[in-house]
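File shown: data17.cif (mmCIF, N, CA and C atoms).
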data_query
loop_
_atom_site.group_PDB
_atom_site.id
_atom_site.type_symbol
_atom_site.label_atom_id
_atom_site.label_comp_id
_atom_site.auth_asym_id
_atom_site.auth_seq_id
_atom_site.Cartn_x
_atom_site.Cartn_y
_atom_site.Cartn_z
ATOM 1 N N MET A 1 114.279 -40.982 -177.909
ATOM 2 C CA MET A 1 113.745 -41.771 -179.005
ATOM 3 C C MET A 1 113.839 -43.259 -178.659
ATOM 4 N N THR A 2 112.760 -43.971 -178.904
ATOM 5 C CA THR A 2 112.702 -45.403 -178.621
ATOM 6 C C THR A 2 113.382 -46.197 -179.733
ATOM 7 N N VAL A 3 114.203 -47.146 -179.353
ATOM 8 C CA VAL A 3 114.865 -48.024 -180.318
ATOM 9 C C VAL A 3 113.886 -49.127 -180.698
ATOM 10 N N SER A 4 113.748 -49.354 -181.989
ATOM 11 C CA SER A 4 112.821 -50.348 -182.514
ATOM 12 C C SER A 4 113.576 -51.556 -183.056
ATOM 13 N N ILE A 5 113.200 -52.740 -182.567
ATOM 14 C CA ILE A 5 113.850 -53.988 -182.971
ATOM 15 C C ILE A 5 112.798 -54.950 -183.512
ATOM 16 N N PHE A 6 113.058 -55.511 -184.693
ATOM 17 C CA PHE A 6 112.239 -56.599 -185.217
ATOM 18 C C PHE A 6 113.010 -57.899 -185.022
ATOM 19 N N HIS A 7 112.361 -58.860 -184.415
ATOM 20 C CA HIS A 7 112.927 -60.197 -184.214
ATOM 21 C C HIS A 7 112.179 -61.103 -185.187
ATOM 22 N N ILE A 8 112.855 -61.531 -186.239
ATOM 23 C CA ILE A 8 112.204 -62.360 -187.251
ATOM 24 C C ILE A 8 112.622 -63.810 -187.098
ATOM 25 N N GLY A 9 111.625 -64.683 -187.131
ATOM 26 C CA GLY A 9 111.900 -66.100 -186.993
ATOM 27 C C GLY A 9 110.799 -66.942 -187.601
ATOM 28 N N LEU A 10 110.998 -68.228 -187.489
ATOM 29 C CA LEU A 10 110.052 -69.187 -188.048
ATOM 30 C C LEU A 10 108.751 -69.202 -187.257
ATOM 31 N N HIS A 11 107.660 -69.488 -187.959
ATOM 32 C CA HIS A 11 106.392 -69.724 -187.276
ATOM 33 C C HIS A 11 106.625 -70.890 -186.309
ATOM 34 N N LEU A 12 106.040 -70.825 -185.144
ATOM 35 C CA LEU A 12 106.297 -71.860 -184.139
ATOM 36 C C LEU A 12 105.752 -73.225 -184.523
ATOM 37 N N ASP A 13 104.873 -73.268 -185.515
ATOM 38 C CA ASP A 13 104.395 -74.567 -185.983
ATOM 39 C C ASP A 13 105.157 -75.059 -187.221
ATOM 40 N N HIS A 14 106.292 -74.410 -187.509
ATOM 41 C CA HIS A 14 107.112 -74.816 -188.648
ATOM 42 C C HIS A 14 107.641 -76.238 -188.403
ATOM 43 N N PRO A 15 107.659 -77.082 -189.437
ATOM 44 C CA PRO A 15 108.101 -78.469 -189.271
ATOM 45 C C PRO A 15 109.522 -78.639 -188.727
ATOM 46 N N SER A 16 110.370 -77.649 -188.892
ATOM 47 C CA SER A 16 111.744 -77.786 -188.388
ATOM 48 C C SER A 16 111.840 -77.554 -186.883
ATOM 49 N N ILE A 17 110.775 -77.061 -186.274
ATOM 50 C CA ILE A 17 110.771 -76.840 -184.823
ATOM 51 C C ILE A 17 110.099 -78.039 -184.157
ATOM 52 N N PRO A 18 110.844 -78.781 -183.328
ATOM 53 C CA PRO A 18 110.268 -79.966 -182.686
ATOM 54 C C PRO A 18 109.038 -79.612 -181.842
ATOM 55 N N VAL A 19 108.015 -80.414 -181.960
ATOM 56 C CA VAL A 19 106.759 -80.175 -181.251
ATOM 57 C C VAL A 19 106.997 -80.029 -179.751
ATOM 58 N N GLU A 20 107.866 -80.861 -179.198
ATOM 59 C CA GLU A 20 108.114 -80.833 -177.749
ATOM 60 C C GLU A 20 108.838 -79.568 -177.289
ATOM 61 N N GLU A 21 109.428 -78.816 -178.210
ATOM 62 C CA GLU A 21 110.141 -77.580 -177.874
ATOM 63 C C GLU A 21 109.269 -76.334 -178.002
ATOM 64 N N ARG A 22 108.161 -76.433 -178.667
ATOM 65 C CA ARG A 22 107.364 -75.256 -179.020
ATOM 66 C C ARG A 22 106.863 -74.471 -177.822
ATOM 67 N N SER A 23 106.398 -75.145 -176.783
ATOM 68 C CA SER A 23 105.902 -74.408 -175.607
ATOM 69 C C SER A 23 107.048 -73.701 -174.890
ATOM 70 N N LYS A 24 108.229 -74.318 -174.844
ATOM 71 C CA LYS A 24 109.395 -73.683 -174.228
ATOM 72 C C LYS A 24 109.814 -72.441 -175.012
ATOM 73 N N ILE A 25 109.804 -72.568 -176.334
ATOM 74 C CA ILE A 25 110.191 -71.439 -177.187
ATOM 75 C C ILE A 25 109.177 -70.303 -177.048
ATOM 76 N N THR A 26 107.903 -70.661 -177.000
ATOM 77 C CA THR A 26 106.850 -69.657 -176.818
ATOM 78 C C THR A 26 107.074 -68.888 -175.527
ATOM 79 N N LYS A 27 107.395 -69.585 -174.446
ATOM 80 C CA LYS A 27 107.648 -68.960 -173.148
ATOM 81 C C LYS A 27 108.882 -68.055 -173.218
ATOM 82 N N ARG A 28 109.962 -68.553 -173.833
ATOM 83 C CA ARG A 28 111.184 -67.755 -173.948
ATOM 84 C C ARG A 28 110.941 -66.468 -174.736
ATOM 85 N N LEU A 29 110.192 -66.587 -175.832
ATOM 86 C CA LEU A 29 109.907 -65.395 -176.640
ATOM 87 C C LEU A 29 109.038 -64.406 -175.880
ATOM 88 N N SER A 30 108.077 -64.918 -175.134
ATOM 89 C CA SER A 30 107.213 -64.056 -174.328
ATOM 90 C C SER A 30 108.027 -63.323 -173.266
ATOM 91 N N ASP A 31 108.903 -64.052 -172.596
ATOM 92 C CA ASP A 31 109.763 -63.442 -171.573
ATOM 93 C C ASP A 31 110.696 -62.400 -172.186
ATOM 94 N N LEU A 32 111.253 -62.719 -173.353
ATOM 95 C CA LEU A 32 112.157 -61.789 -174.023
ATOM 96 C C LEU A 32 111.427 -60.515 -174.428
ATOM 97 N N LYS A 33 110.229 -60.667 -174.972
ATOM 98 C CA LYS A 33 109.435 -59.500 -175.358
ATOM 99 C C LYS A 33 109.144 -58.625 -174.149
ATOM 100 N N GLU A 34 108.810 -59.249 -173.031
ATOM 101 C CA GLU A 34 108.532 -58.503 -171.795
ATOM 102 C C GLU A 34 109.779 -57.752 -171.310
ATOM 103 N N LYS A 35 110.936 -58.421 -171.332
ATOM 104 C CA LYS A 35 112.182 -57.793 -170.888
ATOM 105 C C LYS A 35 112.580 -56.625 -171.794
ATOM 106 N N MET A 36 112.473 -56.855 -173.088
ATOM 107 C CA MET A 36 112.849 -55.800 -174.032
ATOM 108 C C MET A 36 111.914 -54.600 -173.912
ATOM 109 N N SER A 37 110.632 -54.849 -173.800
ATOM 110 C CA SER A 37 109.666 -53.759 -173.629
ATOM 111 C C SER A 37 109.911 -53.035 -172.317
ATOM 112 N N GLY A 38 110.200 -53.796 -171.263
ATOM 113 C CA GLY A 38 110.491 -53.210 -169.959
ATOM 114 C C GLY A 38 111.741 -52.356 -169.962
ATOM 115 N N ALA A 39 112.669 -52.683 -170.866
ATOM 116 C CA ALA A 39 113.910 -51.908 -170.978
ATOM 117 C C ALA A 39 113.738 -50.701 -171.899
ATOM 118 N N GLY A 40 112.524 -50.515 -172.417
ATOM 119 C CA GLY A 40 112.256 -49.332 -173.221
ATOM 120 C C GLY A 40 112.352 -49.523 -174.723
ATOM 121 N N TYR A 41 112.554 -50.745 -175.164
ATOM 122 C CA TYR A 41 112.633 -51.002 -176.602
ATOM 123 C C TYR A 41 111.246 -51.223 -177.186
ATOM 124 N N ASN A 42 111.064 -50.819 -178.433
ATOM 125 C CA ASN A 42 109.895 -51.227 -179.197
ATOM 126 C C ASN A 42 110.321 -52.530 -179.862
ATOM 127 N N TYR A 43 109.909 -53.641 -179.294
ATOM 128 C CA TYR A 43 110.385 -54.968 -179.700
ATOM 129 C C TYR A 43 109.220 -55.756 -180.261
ATOM 130 N N GLU A 44 109.367 -56.168 -181.510
ATOM 131 C CA GLU A 44 108.275 -56.867 -182.168
ATOM 132 C C GLU A 44 108.777 -58.166 -182.783
ATOM 133 N N ILE A 45 108.030 -59.238 -182.565
ATOM 134 C CA ILE A 45 108.366 -60.533 -183.146
ATOM 135 C C ILE A 45 107.583 -60.677 -184.445
ATOM 136 N N VAL A 46 108.303 -61.034 -185.504
ATOM 137 C CA VAL A 46 107.721 -61.206 -186.831
ATOM 138 C C VAL A 46 107.981 -62.646 -187.256
ATOM 139 N N TYR A 47 106.939 -63.303 -187.736
ATOM 140 C CA TYR A 47 107.086 -64.700 -188.163
ATOM 141 C C TYR A 47 107.094 -64.798 -189.682
ATOM 142 N N ALA A 48 107.996 -65.621 -190.195
ATOM 143 C CA ALA A 48 108.100 -65.863 -191.626
ATOM 144 C C ALA A 48 108.774 -67.221 -191.821
ATOM 145 N N SER A 49 108.736 -67.705 -193.031
ATOM 146 C CA SER A 49 109.404 -68.969 -193.345
ATOM 147 C C SER A 49 109.745 -68.977 -194.821
ATOM 148 N N PRO A 50 110.609 -69.894 -195.242
ATOM 149 C CA PRO A 50 110.899 -69.978 -196.673
ATOM 150 C C PRO A 50 109.622 -70.252 -197.480
ATOM 151 N N GLU A 51 108.711 -70.993 -196.882
ATOM 152 C CA GLU A 51 107.475 -71.348 -197.575
ATOM 153 C C GLU A 51 106.516 -70.156 -197.700
ATOM 154 N N SER A 52 106.436 -69.336 -196.663
ATOM 155 C CA SER A 52 105.498 -68.205 -196.682
ATOM 156 C C SER A 52 106.113 -66.946 -197.296
ATOM 157 N N GLY A 53 107.429 -66.914 -197.379
ATOM 158 C CA GLY A 53 108.117 -65.782 -197.986
ATOM 159 C C GLY A 53 108.270 -64.600 -197.046
ATOM 160 N N LEU A 54 108.788 -63.516 -197.583
ATOM 161 C CA LEU A 54 109.144 -62.347 -196.777
ATOM 162 C C LEU A 54 108.376 -61.084 -197.153
ATOM 163 N N GLU A 55 107.316 -61.207 -197.939
ATOM 164 C CA GLU A 55 106.558 -60.019 -198.349
ATOM 165 C C GLU A 55 105.966 -59.279 -197.143
ATOM 166 N N GLY A 56 105.433 -60.019 -196.171
ATOM 167 C CA GLY A 56 104.878 -59.392 -194.974
ATOM 168 C C GLY A 56 105.943 -58.640 -194.194
ATOM 169 N N PHE A 57 107.114 -59.241 -194.067
ATOM 170 C CA PHE A 57 108.242 -58.609 -193.378
ATOM 171 C C PHE A 57 108.671 -57.348 -194.130
ATOM 172 N N LYS A 58 108.728 -57.454 -195.447
ATOM 173 C CA LYS A 58 109.093 -56.313 -196.286
ATOM 174 C C LYS A 58 108.115 -55.159 -196.075
ATOM 175 N N SER A 59 106.845 -55.467 -196.077
ATOM 176 C CA SER A 59 105.810 -54.440 -195.863
ATOM 177 C C SER A 59 105.959 -53.795 -194.501
ATOM 178 N N GLN A 60 106.223 -54.618 -193.492
ATOM 179 C CA GLN A 60 106.381 -54.090 -192.135
ATOM 180 C C GLN A 60 107.585 -53.163 -192.044
ATOM 181 N N LEU A 61 108.679 -53.539 -192.681
ATOM 182 C CA LEU A 61 109.868 -52.683 -192.690
ATOM 183 C C LEU A 61 109.577 -51.344 -193.362
ATOM 184 N N ARG A 62 108.739 -51.365 -194.385
ATOM 185 C CA ARG A 62 108.400 -50.130 -195.090
ATOM 186 C C ARG A 62 107.487 -49.236 -194.257
ATOM 187 N N MET A 63 106.606 -49.846 -193.470
ATOM 188 C CA MET A 63 105.609 -49.077 -192.722
ATOM 189 C C MET A 63 106.098 -48.612 -191.359
ATOM 190 N N GLN A 64 107.042 -49.323 -190.749
ATOM 191 C CA GLN A 64 107.503 -48.984 -189.403
ATOM 192 C C GLN A 64 109.008 -48.752 -189.412
ATOM 193 N N ALA A 65 109.418 -47.705 -188.743
ATOM 194 C CA ALA A 65 110.859 -47.459 -188.601
ATOM 195 C C ALA A 65 111.479 -48.589 -187.787
ATOM 196 N N CYS A 66 112.663 -48.976 -188.163
ATOM 197 C CA CYS A 66 113.331 -50.090 -187.494
ATOM 198 C C CYS A 66 114.806 -49.752 -187.317
ATOM 199 N N ASP A 67 115.312 -49.951 -186.109
ATOM 200 C CA ASP A 67 116.722 -49.683 -185.836
ATOM 201 C C ASP A 67 117.586 -50.931 -185.935
ATOM 202 N N GLY A 68 116.952 -52.089 -185.841
ATOM 203 C CA GLY A 68 117.713 -53.325 -185.905
ATOM 204 C C GLY A 68 116.827 -54.522 -186.148
ATOM 205 N N VAL A 69 117.418 -55.549 -186.740
ATOM 206 C CA VAL A 69 116.713 -56.797 -186.996
ATOM 207 C C VAL A 69 117.502 -57.921 -186.343
ATOM 208 N N LEU A 70 116.798 -58.712 -185.561
ATOM 209 C CA LEU A 70 117.377 -59.880 -184.899
ATOM 210 C C LEU A 70 116.803 -61.104 -185.584
ATOM 211 N N ILE A 71 117.664 -61.988 -186.072
ATOM 212 C CA ILE A 71 117.205 -63.209 -186.733
ATOM 213 C C ILE A 71 117.200 -64.331 -185.709
ATOM 214 N N GLY A 72 116.070 -65.020 -185.604
ATOM 215 C CA GLY A 72 115.869 -66.049 -184.586
ATOM 216 C C GLY A 72 116.752 -67.278 -184.749
ATOM 217 N N GLY A 73 116.897 -67.978 -183.644
ATOM 218 C CA GLY A 73 117.754 -69.154 -183.580
ATOM 219 C C GLY A 73 117.330 -70.295 -184.478
ATOM 220 N N GLY A 74 116.027 -70.435 -184.731
ATOM 221 C CA GLY A 74 115.558 -71.494 -185.615
ATOM 222 C C GLY A 74 116.064 -71.326 -187.033
ATOM 223 N N VAL A 75 116.361 -70.101 -187.412
ATOM 224 C CA VAL A 75 116.913 -69.810 -188.739
ATOM 225 C C VAL A 75 118.436 -69.852 -188.681
ATOM 226 N N VAL A 76 119.002 -69.148 -187.726
ATOM 227 C CA VAL A 76 120.458 -69.000 -187.640
ATOM 228 C C VAL A 76 121.165 -70.328 -187.347
ATOM 229 N N SER A 77 120.567 -71.173 -186.524
ATOM 230 C CA SER A 77 121.245 -72.401 -186.097
ATOM 231 C C SER A 77 121.052 -73.581 -187.041
ATOM 232 N N ASP A 78 120.236 -73.428 -188.065
ATOM 233 C CA ASP A 78 119.946 -74.533 -188.975
ATOM 234 C C ASP A 78 120.628 -74.298 -190.322
ATOM 235 N N PRO A 79 121.643 -75.109 -190.647
ATOM 236 C CA PRO A 79 122.342 -74.924 -191.922
ATOM 237 C C PRO A 79 121.403 -74.974 -193.138
ATOM 238 N N ALA A 80 120.306 -75.694 -193.024
ATOM 239 C CA ALA A 80 119.343 -75.770 -194.125
ATOM 240 C C ALA A 80 118.631 -74.433 -194.343
ATOM 241 N N MET A 81 118.716 -73.528 -193.371
ATOM 242 C CA MET A 81 118.056 -72.225 -193.458
ATOM 243 C C MET A 81 119.011 -71.105 -193.880
ATOM 244 N N THR A 82 120.226 -71.449 -194.267
ATOM 245 C CA THR A 82 121.218 -70.435 -194.627
ATOM 246 C C THR A 82 120.718 -69.511 -195.734
ATOM 247 N N TYR A 83 120.141 -70.080 -196.779
ATOM 248 C CA TYR A 83 119.653 -69.252 -197.880
ATOM 249 C C TYR A 83 118.529 -68.329 -197.405
ATOM 250 N N PHE A 84 117.632 -68.847 -196.564
ATOM 251 C CA PHE A 84 116.547 -68.027 -196.028
ATOM 252 C C PHE A 84 117.110 -66.886 -195.180
ATOM 253 N N MET A 85 118.123 -67.190 -194.377
ATOM 254 C CA MET A 85 118.751 -66.152 -193.571
ATOM 255 C C MET A 85 119.350 -65.067 -194.471
ATOM 256 N N GLU A 86 119.985 -65.466 -195.543
ATOM 257 C CA GLU A 86 120.543 -64.499 -196.490
ATOM 258 C C GLU A 86 119.443 -63.654 -197.127
ATOM 259 N N GLN A 87 118.292 -64.267 -197.395
ATOM 260 C CA GLN A 87 117.165 -63.516 -197.948
ATOM 261 C C GLN A 87 116.675 -62.461 -196.948
ATOM 262 N N ILE A 88 116.630 -62.810 -195.666
ATOM 263 C CA ILE A 88 116.222 -61.857 -194.630
ATOM 264 C C ILE A 88 117.179 -60.669 -194.618
ATOM 265 N N VAL A 89 118.465 -60.949 -194.651
ATOM 266 C CA VAL A 89 119.477 -59.888 -194.667
ATOM 267 C C VAL A 89 119.319 -59.021 -195.914
ATOM 268 N N ASP A 90 119.127 -59.656 -197.051
ATOM 269 C CA ASP A 90 118.981 -58.911 -198.317
ATOM 270 C C ASP A 90 117.749 -58.006 -198.287
ATOM 271 N N VAL A 91 116.614 -58.537 -197.809
ATOM 272 C CA VAL A 91 115.387 -57.741 -197.721
ATOM 273 C C VAL A 91 115.591 -56.557 -196.780
ATOM 274 N N THR A 92 116.235 -56.808 -195.659
ATOM 275 C CA THR A 92 116.490 -55.747 -194.682
ATOM 276 C C THR A 92 117.331 -54.640 -195.311
ATOM 277 N N HIS A 93 118.390 -55.014 -196.016
ATOM 278 C CA HIS A 93 119.248 -54.022 -196.677
ATOM 279 C C HIS A 93 118.510 -53.303 -197.796
ATOM 280 N N GLU A 94 117.675 -54.017 -198.514
ATOM 281 C CA GLU A 94 116.938 -53.431 -199.625
ATOM 282 C C GLU A 94 115.953 -52.363 -199.139
ATOM 283 N N VAL A 95 115.233 -52.667 -198.068
ATOM 284 C CA VAL A 95 114.167 -51.775 -197.600
ATOM 285 C C VAL A 95 114.674 -50.710 -196.648
ATOM 286 N N THR A 96 115.632 -51.051 -195.804
ATOM 287 C CA THR A 96 116.155 -50.100 -194.820
ATOM 288 C C THR A 96 117.671 -50.077 -194.899
ATOM 289 N N PRO A 97 118.198 -49.465 -195.955
ATOM 290 C CA PRO A 97 119.662 -49.519 -196.179
ATOM 291 C C PRO A 97 120.479 -48.886 -195.063
#
Let me see the structure of the file written as structure tokens.
Amino acid sequence: MTVSIFHIGLHLDHPSIPVEERSKITKRLSDLKEKMSGAGYNYEIVYASPESGLEGFKSQLRMQACDGVLIGGGVVSDPAMTYFMEQIVDVTHEVTP
């Protein structure tokens, strides 16, 4: 059975992500997706933000089996995103207890 991982993070054009970092982050995410897929994981990157909400993420969790959720560094490393991170955790527990 393939392990399924959702990696949820901010849209790369989110104002909290410095413009000069966006191409580096895009490359890192692409490399990570390739490595995870190569290792046999079903690895999917999901974009969300406090402004856009988590309804799309919620729907995806309902439609696809998921073994784990990885919260991206743009959310985890920013104290201003603490509430959003808690919302991600709450949605994950609500939909996939």
Need the axis-aligned box for segment 18-25 of chain A with 4 Å each side, so what are the centre and edges in Å to one decimal, as lines of an AutoDock Vina configuration file?
center_x = 108.4
center_y = -75.6
center_z = -178.8
size_x = 12.9
size_y = 18.6
size_z = 17.1
Atomic distance atom CA of Leu61 of chain A - atom CA of Phe6 of chain A, expressed in Å with one decimal: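 Separation of atom CA of Leu61 of chain A and atom CA of Phe6 of chain A: 8.8 Å.
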Picked residues, the PyMOL selection byres (((chain A and resi 8-10 and name CA) around 6) and name CA), as a ChimeraX atom specification: /A:7,11,45-49,71-72
Of the listed residues A:Glu34, A:Tyr83, A:Val91, A:Asp13, that which approaches Pro50 of chain A most closely, counting all atoms listed in the file: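 That would be A:Tyr83, the residue with the smallest distance to Pro50 of chain A.
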Computed interatomic separation between atom N of Ser37 of chain A and atom N of Ile5 of chain A (Å):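 Computing it gives 9.4 Å between the two atoms.
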Can you list, as a JSON list (two decimals) with N, CA and C atoms, in the frame of the given file, all residues belonging to segment 6-88 of chain A that DSSP tags as strand (DSSP E or B)?
[["chain", "number", "residue", "atom", "x", "y", "z"],
["A", 6, "PHE", "N", 113.06, -55.51, -184.69],
["A", 6, "PHE", "CA", 112.24, -56.60, -185.22],
["A", 6, "PHE", "C", 113.01, -57.90, -185.02],
["A", 7, "HIS", "N", 112.36, -58.86, -184.42],
["A", 7, "HIS", "CA", 112.93, -60.20, -184.21],
["A", 7, "HIS", "C", 112.18, -61.10, -185.19],
["A", 8, "ILE", "N", 112.86, -61.53, -186.24],
["A", 8, "ILE", "CA", 112.20, -62.36, -187.25],
["A", 8, "ILE", "C", 112.62, -63.81, -187.10],
["A", 9, "GLY", "N", 111.62, -64.68, -187.13],
["A", 9, "GLY", "CA", 111.90, -66.10, -186.99],
["A", 9, "GLY", "C", 110.80, -66.94, -187.60],
["A", 42, "ASN", "N", 111.06, -50.82, -178.43],
["A", 42, "ASN", "CA", 109.90, -51.23, -179.20],
["A", 42, "ASN", "C", 110.32, -52.53, -179.86],
["A", 43, "TYR", "N", 109.91, -53.64, -179.29],
["A", 43, "TYR", "CA", 110.38, -54.97, -179.70],
["A", 43, "TYR", "C", 109.22, -55.76, -180.26],
["A", 44, "GLU", "N", 109.37, -56.17, -181.51],
["A", 44, "GLU", "CA", 108.28, -56.87, -182.17],
["A", 44, "GLU", "C", 108.78, -58.17, -182.78],
["A", 45, "ILE", "N", 108.03, -59.24, -182.56],
["A", 45, "ILE", "CA", 108.37, -60.53, -183.15],
["A", 45, "ILE", "C", 107.58, -60.68, -184.44],
["A", 46, "VAL", "N", 108.30, -61.03, -185.50],
["A", 46, "VAL", "CA", 107.72, -61.21, -186.83],
["A", 46, "VAL", "C", 107.98, -62.65, -187.26],
["A", 47, "TYR", "N", 106.94, -63.30, -187.74],
["A", 47, "TYR", "CA", 107.09, -64.70, -188.16],
["A", 47, "TYR", "C", 107.09, -64.80, -189.68],
["A", 49, "SER", "N", 108.74, -67.70, -193.03],
["A", 49, "SER", "CA", 109.40, -68.97, -193.34],
["A", 49, "SER", "C", 109.74, -68.98, -194.82],
["A", 53, "GLY", "N", 107.43, -66.91, -197.38],
["A", 53, "GLY", "CA", 108.12, -65.78, -197.99],
["A", 53, "GLY", "C", 108.27, -64.60, -197.05],
["A", 68, "GLY", "N", 116.95, -52.09, -185.84],
["A", 68, "GLY", "CA", 117.71, -53.32, -185.90],
["A", 68, "GLY", "C", 116.83, -54.52, -186.15],
["A", 69, "VAL", "N", 117.42, -55.55, -186.74],
["A", 69, "VAL", "CA", 116.71, -56.80, -187.00],
["A", 69, "VAL", "C", 117.50, -57.92, -186.34],
["A", 70, "LEU", "N", 116.80, -58.71, -185.56],
["A", 70, "LEU", "CA", 117.38, -59.88, -184.90],
["A", 70, "LEU", "C", 116.80, -61.10, -185.58],
["A", 71, "ILE", "N", 117.66, -61.99, -186.07],
["A", 71, "ILE", "CA", 117.20, -63.21, -186.73],
["A", 71, "ILE", "C", 117.20, -64.33, -185.71]]
Would you kindly place N, CA, C and O atoms on segment 61-76 of chain A and return the model as a short mmCIF file (atom, residue, chain, number, x, y, z; two decimals), in the frame of the given file?
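Final file, rebuild32.cif:
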data_model
loop_
_atom_site.label_atom_id
_atom_site.label_comp_id
_atom_site.auth_asym_id
_atom_site.auth_seq_id
_atom_site.Cartn_x
_atom_site.Cartn_y
_atom_site.Cartn_z
N LEU A 61 108.68 -53.54 -192.68
CA LEU A 61 109.87 -52.68 -192.69
C LEU A 61 109.58 -51.34 -193.36
O LEU A 61 110.11 -50.31 -192.95
N ARG A 62 108.74 -51.36 -194.38
CA ARG A 62 108.40 -50.13 -195.09
C ARG A 62 107.49 -49.24 -194.26
O ARG A 62 107.56 -48.02 -194.34
N MET A 63 106.61 -49.85 -193.47
CA MET A 63 105.61 -49.08 -192.72
C MET A 63 106.10 -48.61 -191.36
O MET A 63 105.61 -47.61 -190.84
N GLN A 64 107.04 -49.32 -190.75
CA GLN A 64 107.50 -48.98 -189.40
C GLN A 64 109.01 -48.75 -189.41
O GLN A 64 109.75 -49.55 -189.99
N ALA A 65 109.42 -47.70 -188.74
CA ALA A 65 110.86 -47.46 -188.60
C ALA A 65 111.48 -48.59 -187.79
O ALA A 65 110.87 -49.09 -186.84
N CYS A 66 112.66 -48.98 -188.16
CA CYS A 66 113.33 -50.09 -187.49
C CYS A 66 114.81 -49.75 -187.32
O CYS A 66 115.47 -49.33 -188.26
N ASP A 67 115.31 -49.95 -186.11
CA ASP A 67 116.72 -49.68 -185.84
C ASP A 67 117.59 -50.93 -185.94
O ASP A 67 118.80 -50.83 -186.05
N GLY A 68 116.95 -52.09 -185.84
CA GLY A 68 117.71 -53.32 -185.90
C GLY A 68 116.83 -54.52 -186.15
O GLY A 68 115.64 -54.51 -185.81
N VAL A 69 117.42 -55.55 -186.74
CA VAL A 69 116.71 -56.80 -187.00
C VAL A 69 117.50 -57.92 -186.34
O VAL A 69 118.71 -58.05 -186.55
N LEU A 70 116.80 -58.71 -185.56
CA LEU A 70 117.38 -59.88 -184.90
C LEU A 70 116.80 -61.10 -185.58
O LEU A 70 115.58 -61.23 -185.70
N ILE A 71 117.66 -61.99 -186.07
CA ILE A 71 117.20 -63.21 -186.73
C ILE A 71 117.20 -64.33 -185.71
O ILE A 71 118.19 -64.57 -185.03
N GLY A 72 116.07 -65.02 -185.60
CA GLY A 72 115.87 -66.05 -184.59
C GLY A 72 116.75 -67.28 -184.75
O GLY A 72 117.25 -67.60 -185.84
N GLY A 73 116.90 -67.98 -183.64
CA GLY A 73 117.75 -69.15 -183.58
C GLY A 73 117.33 -70.30 -184.48
O GLY A 73 118.16 -71.07 -184.94
N GLY A 74 116.03 -70.44 -184.73
CA GLY A 74 115.56 -71.49 -185.62
C GLY A 74 116.06 -71.33 -187.03
O GLY A 74 116.20 -72.29 -187.77
N VAL A 75 116.36 -70.10 -187.41
CA VAL A 75 116.91 -69.81 -188.74
C VAL A 75 118.44 -69.85 -188.68
O VAL A 75 119.08 -70.54 -189.47
N VAL A 76 119.00 -69.15 -187.73
CA VAL A 76 120.46 -69.00 -187.64
C VAL A 76 121.16 -70.33 -187.35
O VAL A 76 122.24 -70.59 -187.90
#
